[in-house]
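Source file: upload_25.pdb; contents: PDB, C-alpha atoms, pLDDT in the B column.
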```pdb
ATOM      1  CA  MET A   1      98.568 103.560 104.270  1.00 79.00           C
ATOM      2  CA  PRO A   2      98.776 107.329 104.470  1.00 76.00           C
ATOM      3  CA  ALA A   3     100.075 109.035 107.587  1.00 81.00           C
ATOM      4  CA  PHE A   4      96.703 110.035 108.986  1.00 76.00           C
ATOM      5  CA  ASP A   5      94.693 106.928 108.136  1.00 81.00           C
ATOM      6  CA  GLU A   6      92.163 105.950 110.772  1.00 79.00           C
ATOM      7  CA  PHE A   7      93.725 102.482 111.016  1.00 82.00           C
ATOM      8  CA  ILE A   8      96.487 103.940 113.177  1.00 81.00           C
ATOM      9  CA  ILE A   9      95.317 107.381 114.253  1.00 80.00           C
ATOM     10  CA  SER A  10      91.920 106.407 115.692  1.00 80.00           C
ATOM     11  CA  TYR A  11      93.224 104.528 118.694  1.00 77.00           C
ATOM     12  CA  LYS A  12      94.935 105.708 121.829  1.00 80.00           C
ATOM     13  CA  ASP A  13      96.217 102.183 122.508  1.00 82.00           C
ATOM     14  CA  ARG A  14      97.767 100.869 119.271  1.00 87.00           C
ATOM     15  CA  ARG A  15      99.422  97.743 120.699  1.00 82.00           C
ATOM     16  CA  ALA A  16      97.089  95.370 118.816  1.00 85.00           C
ATOM     17  CA  SER A  17      98.601  96.473 115.484  1.00 91.00           C
ATOM     18  CA  LEU A  18     101.779  98.334 116.425  1.00 92.00           C
ATOM     19  CA  PRO A  19     104.301  96.823 118.859  1.00 89.00           C
ATOM     20  CA  HIS A  20     105.390  99.264 121.563  1.00 90.00           C
ATOM     21  CA  GLU A  21     109.066  99.030 120.541  1.00 93.00           C
ATOM     22  CA  ASN A  22     108.202 100.442 117.077  1.00 94.00           C
ATOM     23  CA  HIS A  23     105.755 103.144 118.181  1.00 91.00           C
ATOM     24  CA  HIS A  24     108.388 105.905 118.129  1.00 91.00           C
ATOM     25  CA  LYS A  25     109.213 105.020 114.488  1.00 93.00           C
ATOM     26  CA  VAL A  26     105.597 105.599 113.438  1.00 93.00           C
ATOM     27  CA  VAL A  27     104.590 108.475 115.726  1.00 89.00           C
ATOM     28  CA  SER A  28     107.079 111.246 116.502  1.00 87.00           C
ATOM     29  CA  ASN A  29     107.450 112.908 119.910  1.00 86.00           C
ATOM     30  CA  TYR A  30     105.389 115.773 118.475  1.00 87.00           C
ATOM     31  CA  GLY A  31     102.478 113.529 117.471  1.00 84.00           C
ATOM     32  CA  ILE A  32     103.327 113.446 113.766  1.00 89.00           C
ATOM     33  CA  PHE A  33     102.277 110.172 112.131  1.00 90.00           C
ATOM     34  CA  ARG A  34     104.300 108.656 109.313  1.00 93.00           C
ATOM     35  CA  PRO A  35     102.792 106.615 106.448  1.00 93.00           C
ATOM     36  CA  ILE A  36     102.714 102.948 107.422  1.00 93.00           C
ATOM     37  CA  ILE A  37     103.074  99.538 105.816  1.00 93.00           C
ATOM     38  CA  VAL A  38     100.502  97.064 107.122  1.00 92.00           C
ATOM     39  CA  VAL A  39     100.746  93.306 106.577  1.00 92.00           C
ATOM     40  CA  ASN A  40      98.038  91.025 107.984  1.00 91.00           C
ATOM     41  CA  GLY A  41      96.802  93.733 110.352  1.00 91.00           C
ATOM     42  CA  GLN A  42     100.254  94.503 111.761  1.00 93.00           C
ATOM     43  CA  VAL A  43     102.306  97.643 111.142  1.00 94.00           C
ATOM     44  CA  THR A  44     105.532  96.242 109.696  1.00 94.00           C
ATOM     45  CA  GLY A  45     107.254  99.418 108.525  1.00 94.00           C
ATOM     46  CA  ILE A  46     106.991 102.969 107.256  1.00 94.00           C
ATOM     47  CA  TRP A  47     107.288 104.505 103.800  1.00 92.00           C
ATOM     48  CA  LYS A  48     107.750 107.862 102.140  1.00 90.00           C
ATOM     49  CA  ARG A  49     107.355 109.136  98.622  1.00 85.00           C
ATOM     50  CA  THR A  50     110.089 110.885  96.700  1.00 84.00           C
ATOM     51  CA  ILE A  51     109.384 112.507  93.332  1.00 83.00           C
ATOM     52  CA  LYS A  52     112.264 112.184  90.869  1.00 81.00           C
ATOM     53  CA  LYS A  53     111.766 113.861  87.503  1.00 79.00           C
ATOM     54  CA  ASP A  54     108.800 112.058  86.014  1.00 77.00           C
ATOM     55  CA  LYS A  55     108.348 109.226  88.511  1.00 76.00           C
ATOM     56  CA  ALA A  56     107.388 108.650  92.115  1.00 77.00           C
ATOM     57  CA  VAL A  57     109.742 106.493  94.124  1.00 79.00           C
ATOM     58  CA  PRO A  58     108.265 104.979  97.288  1.00 82.00           C
ATOM     59  CA  GLU A  59     111.006 104.332  99.849  1.00 88.00           C
ATOM     60  CA  THR A  60     110.326 101.719 102.514  1.00 90.00           C
ATOM     61  CA  THR A  61     111.794 101.047 105.945  1.00 93.00           C
ATOM     62  CA  PHE A  62     110.803  97.747 107.538  1.00 94.00           C
ATOM     63  CA  PHE A  63     111.046  96.905 111.216  1.00 95.00           C
ATOM     64  CA  GLU A  64     112.091  93.373 110.184  1.00 93.00           C
ATOM     65  CA  ARG A  65     113.035  92.077 106.746  1.00 93.00           C
ATOM     66  CA  PRO A  66     109.879  90.915 104.931  1.00 92.00           C
ATOM     67  CA  ASP A  67     109.684  87.497 103.298  1.00 93.00           C
ATOM     68  CA  LYS A  68     109.901  87.315  99.490  1.00 94.00           C
ATOM     69  CA  THR A  69     106.142  87.035  98.992  1.00 93.00           C
ATOM     70  CA  THR A  70     105.427  90.087 101.131  1.00 91.00           C
ATOM     71  CA  ALA A  71     108.224  92.081  99.473  1.00 90.00           C
ATOM     72  CA  GLY A  72     106.773  91.244  96.052  1.00 92.00           C
ATOM     73  CA  LEU A  73     103.296  92.347  97.097  1.00 91.00           C
ATOM     74  CA  ILE A  74     104.661  95.611  98.442  1.00 88.00           C
ATOM     75  CA  GLU A  75     106.517  96.244  95.175  1.00 87.00           C
ATOM     76  CA  LYS A  76     103.260  95.710  93.259  1.00 91.00           C
ATOM     77  CA  ALA A  77     101.436  98.098  95.595  1.00 87.00           C
ATOM     78  CA  ALA A  78     104.159 100.714  95.078  1.00 83.00           C
ATOM     79  CA  ALA A  79     103.817 100.364  91.297  1.00 84.00           C
ATOM     80  CA  ARG A  80     100.020 100.783  91.530  1.00 87.00           C
ATOM     81  CA  TYR A  81     100.530 103.873  93.695  1.00 82.00           C
ATOM     82  CA  SER A  82     102.929 105.382  91.155  1.00 81.00           C
ATOM     83  CA  ARG A  83     100.417 104.787  88.350  1.00 83.00           C
ATOM     84  CA  PHE A  84      97.653 106.287  90.498  1.00 84.00           C
ATOM     85  CA  ILE A  85      99.525 109.563  90.909  1.00 80.00           C
ATOM     86  CA  GLU A  86     100.536 109.389  87.244  1.00 74.00           C
ATOM     87  CA  LYS A  87     104.284 109.204  87.868  1.00 60.00           C
TER      88      LYS A  87
END
```

File written out as structure tokens:
Amino acid sequence: MPAFDEFIISYKDRRASLPHENHHKVVSNYGIFRPIIVVNGQVTGIWKRTIKKDKAVPETTFFERPDKTTAGLIEKAAARYSRFIEK
């Protein structure tokens, strides 16, 4: 999800979807939100986009290593995103 999606930004108390120990990884001390990876309603990591020549490369950072099924789904989502932005 993008950095300022209402899934994460709309709530003052985000503990239902974002464990307290990972809050600082998603929201900086200055209130800047990072794009998030959500699996089954839980924030499981962050991502960023890097443009390299003619392609977009999503880079992911997970709080815990995802299982193979989840990793595969995230790879498919990243490919769809790259096609969406035509890179």

Running the PyMOL selection byres ((chain A and resi 28-35) around 7) on this model by hand, what would come out? Give it as a list in words.
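So the PyMOL selection byres ((chain A and resi 28-35) around 7) ends up selecting Met1, Pro2, Ala3, Phe4, His24, Lys25, Val26, Val27, Ile36, Ile46, Trp47 and Lys48 of chain A.
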
The distance between atom CA of Thr44 of chain A and atom CA of Ser10 of chain A is 18.0 Å

Write out as an NGL selection string the residues lying within 12 Å of segment 69-74 of chain A, counting only C-alpha atoms and excluding same-chain residues fewer than 3 positions away.
:A and (1 or 36-40 or 44-47 or 58-62 or 64-66 or 77-81)

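Between His20 of chain A and the candidates A:Asp5, A:Val43, A:Glu86, A:Lys53, the tightest atom-to-atom separation, counting only C-alpha atoms, involves A:Val43.
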
Evaluate the PyMOL selection byres ((chain A and resi 55) around 10) against this structure - the residues, as a ChimeraX atom specification, please.
/A:50-54,56-58,82-83,85-87

Any chance you could export the current selection's C-alpha atoms as a short mmCIF file (atom, residue, chain, number, x, y, z; two decimals), in the frame of the given file?
```
data_model
loop_
_atom_site.label_atom_id
_atom_site.label_comp_id
_atom_site.auth_asym_id
_atom_site.auth_seq_id
_atom_site.Cartn_x
_atom_site.Cartn_y
_atom_site.Cartn_z
CA THR A 50 110.09 110.88 96.70
CA ILE A 51 109.38 112.51 93.33
CA LYS A 52 112.26 112.18 90.87
CA LYS A 53 111.77 113.86 87.50
CA ASP A 54 108.80 112.06 86.01
CA ALA A 56 107.39 108.65 92.12
CA VAL A 57 109.74 106.49 94.12
CA PRO A 58 108.26 104.98 97.29
CA SER A 82 102.93 105.38 91.16
CA ARG A 83 100.42 104.79 88.35
CA ILE A 85 99.52 109.56 90.91
CA GLU A 86 100.54 109.39 87.24
CA LYS A 87 104.28 109.20 87.87
#
```

Quote the spacing between atom CA of Pro19 of chain A and atom CA of Gln42 of chain A in Å to one decimal place.
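That distance, rounded to one decimal, is 8.5 Å.
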
With all atoms of segment 18-22 of chain A from the file as input, state the centre and edge lengths in Å to one decimal of the axis-aligned box that has 6 Å extra on each side, as JSON.
```
{"center_x": 105.4, "center_y": 98.6, "center_z": 119.0, "size_x": 19.3, "size_y": 15.6, "size_z": 17.1}
```

Atom pair atom CA of Lys12 of chain A + atom CA of Arg49 of chain A, distance 26.5 Å
